[in-house]
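Right, one structure below, let's go through it.
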Amino acid sequence: LQVGGVSISSSAGKFQSYVAMFSRQAAQGFSLVGRRFLSSGSQYDLAVIGGGPGGYVAAIKAAQLGLKTVCVERRGTLGGTCLNVGCIPSKSLLHNSHMYHLAKDDMAARGINVGSVSLDLDKMMAAKDKSVGQLTKGIEMLFKANKVDYVKGHGTLTGPTSLKVDLLEGGEQSIDAKNIMLATGSEVMSLPGIELDEEVIVSSTGALKLKQVPERLTVIGGGVIGLELGSVWSRLGSKVTVVEFMDSIGGLGVDAEVAK
């Protein structure tokens, strides 16, 4: 038998041993997929608290530069607000609600008859969740490829070079690091006297997972996020009112002509 011009007929035993070795390596690699990566207890060069766009990018770059790095994230998925409850899911809903709006209210005027159009909100939400899941898992694979340890839990500083992590799966883990980077992101802020239940009174996070199209929706804040989510639910059939304190919409930095 010739393989790449080399005869292996006289080395069948050696060839089989190579196959067995590669099979073991492949099995070991696949066994790591989806697992939580924990430190071995030795000191890290860098511990990053927060797995959002600031944290996970810094962790990967540090590892590429030769630092032994660990990233702690309490959400249980990497990517931070943007990937989990911000830019990515909102863009998915914006795109799909736009397609629904075109089919329902615009195509007939363009000579495109599509018949009766109905909304399957559960399927639209599932498509959003699938996009988010694929991207967050992609970051986990980048961690693995760059040898960044990943700990799922809430990190708390216990000293200048140490922290403890309340693990999502239960228990605690202590981490020592020469350097600690805080990349903890942001939290939604409510108005005084108003409690967010994420069902009737919702933040932008709750607005991404409403179980039905509200008959009426009031959006407090006419910035980018408020206008995006207001547009989504308006296209899907809600009567939306936007309340904005400033004299223009779109938020600070938006071009005046665009705001008009």
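In the structure tokens, chains take the letters A, B, ... in the order shown, each chain's residues start at 1, and ligands count up from 1 in the order shown.
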Set the distance at 9 Å and use only C-alpha atoms: which residues neighbour range 188-192 of chain A once local chain neighbours fewer than 3 positions away are removed? I'd like the list as number ranges by chain.
A: 195-196, 203-205
Range 238-240 of chain A environment, 8 Å, only C-alpha atoms, sequence neighbours closer than 6 positions dropped, as number ranges by chain:
A: 213-219, 230
Between CA of Tyr44 in chain A and CA of Ala145 in chain A, what is the spacing in Å?
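So the two atoms, CA of Ala145 in chain A and CA of Tyr44 in chain A, lie 17.7 Å apart.
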Using only C-alpha atoms, which protein or nucleic acid residues come within 12 Å of range 80-89 of chain A? Drop anything in the same chain fewer than 3 positions from it, and give the result as an mmCIF file with C-alpha atoms, in the first residue's frame.
data_model
loop_
_atom_site.group_PDB
_atom_site.id
_atom_site.type_symbol
_atom_site.label_atom_id
_atom_site.label_comp_id
_atom_site.auth_asym_id
_atom_site.auth_seq_id
_atom_site.Cartn_x
_atom_site.Cartn_y
_atom_site.Cartn_z
ATOM 1 C CA ILE A 49 -13.476 39.542 35.802
ATOM 2 C CA GLY A 50 -16.110 39.871 33.116
ATOM 3 C CA GLY A 51 -16.470 38.066 29.800
ATOM 4 C CA GLY A 52 -17.910 40.850 27.674
ATOM 5 C CA PRO A 53 -16.293 42.547 24.643
ATOM 6 C CA GLY A 54 -13.724 44.214 26.898
ATOM 7 C CA GLY A 55 -12.976 41.188 29.039
ATOM 8 C CA TYR A 56 -12.899 38.316 26.580
ATOM 9 C CA VAL A 57 -10.864 40.236 23.993
ATOM 10 C CA VAL A 72 -14.504 34.824 35.267
ATOM 11 C CA GLU A 73 -18.061 35.430 34.020
ATOM 12 C CA ARG A 74 -21.206 35.194 36.141
ATOM 13 C CA ARG A 75 -23.743 35.137 33.292
ATOM 14 C CA GLY A 76 -22.740 31.634 32.303
ATOM 15 C CA THR A 77 -22.240 32.671 28.682
ATOM 16 C CA SER A 92 -31.951 39.626 14.939
ATOM 17 C CA LEU A 93 -35.387 40.895 15.965
ATOM 18 C CA LEU A 94 -34.957 44.076 13.928
ATOM 19 C CA HIS A 95 -34.179 42.090 10.785
ATOM 20 C CA ASN A 96 -36.906 39.498 11.199
ATOM 21 C CA MET A 124 -38.883 34.397 15.816
ATOM 22 C CA MET A 125 -37.577 34.361 19.388
ATOM 23 C CA ALA A 126 -36.063 30.914 18.838
ATOM 24 C CA ALA A 127 -34.179 32.224 15.794
ATOM 25 C CA LYS A 128 -32.805 35.068 17.934
ATOM 26 C CA ASP A 129 -31.723 32.660 20.680
ATOM 27 C CA LYS A 130 -30.043 30.369 18.145
ATOM 28 C CA SER A 131 -27.953 33.240 16.775
ATOM 29 C CA VAL A 132 -26.898 34.259 20.279
ATOM 30 C CA GLY A 133 -26.049 30.684 21.259
ATOM 31 C CA GLN A 134 -23.873 30.088 18.218
ATOM 32 C CA LEU A 135 -21.842 33.229 18.821
ATOM 33 C CA THR A 136 -21.358 32.722 22.570
ATOM 34 C CA LYS A 137 -20.177 29.158 21.995
ATOM 35 C CA GLY A 138 -17.791 30.529 19.391
ATOM 36 C CA ILE A 139 -16.075 32.642 22.047
ATOM 37 C CA ALA A 183 -14.343 44.366 32.976
ATOM 38 C CA THR A 184 -17.661 44.034 34.770
ATOM 39 C CA GLY A 185 -19.841 45.876 32.259
ATOM 40 C CA SER A 186 -23.068 47.707 33.051
ATOM 41 C CA GLU A 187 -26.368 47.151 34.801
ATOM 42 C CA VAL A 188 -29.822 48.343 33.773
ATOM 43 C CA SER A 203 -35.838 46.873 30.719
ATOM 44 C CA SER A 204 -34.248 46.462 27.317
ATOM 45 C CA THR A 205 -33.420 42.907 28.412
ATOM 46 C CA GLY A 206 -37.052 42.062 29.116
ATOM 47 C CA ALA A 207 -38.157 43.734 25.871
ATOM 48 C CA LEU A 208 -36.108 41.154 23.983
ATOM 49 C CA LYS A 209 -38.136 38.240 25.327
ATOM 50 C CA VAL A 224 -30.677 54.011 20.059
ATOM 51 C CA ILE A 225 -31.787 51.090 22.240
ATOM 52 C CA GLY A 226 -35.267 52.470 22.878
ATOM 53 C CA GLU A 228 -34.576 49.831 18.080
ATOM 54 C CA LEU A 229 -36.870 47.878 20.385
ATOM 55 C CA VAL A 232 -39.402 45.874 16.601
#
Near range 98-110 of chain A, counting only C-alpha atoms, which residues have an atom at most 9 Å away, once you skip same-chain residues fewer than 6 positions from it, shown as a ChimeraX atom specification?
/A:116-119,231-232,235-236
Listing only residues of range 154-204 of chain A within 12 Å of range 64-68 of chain A, what is the closest atom pair and its distance in Å (to one decimal) for each, using only C-alpha atoms, sorted by chain and residue number ascending, as a tab-separated table?
residue	atom	partner	partner_atom	distance
A:Asp176	CA	A:Lys68	CA	11.4
A:Ala177	CA	A:Lys68	CA	9.1
A:Lys178	CA	A:Lys68	CA	10.0
A:Asn179	CA	A:Leu67	CA	10.3
Could you please write out, as a count of residues only, every residue of range 99-253 of chain A that DSSP assigns to strand (DSSP E or B)?
38
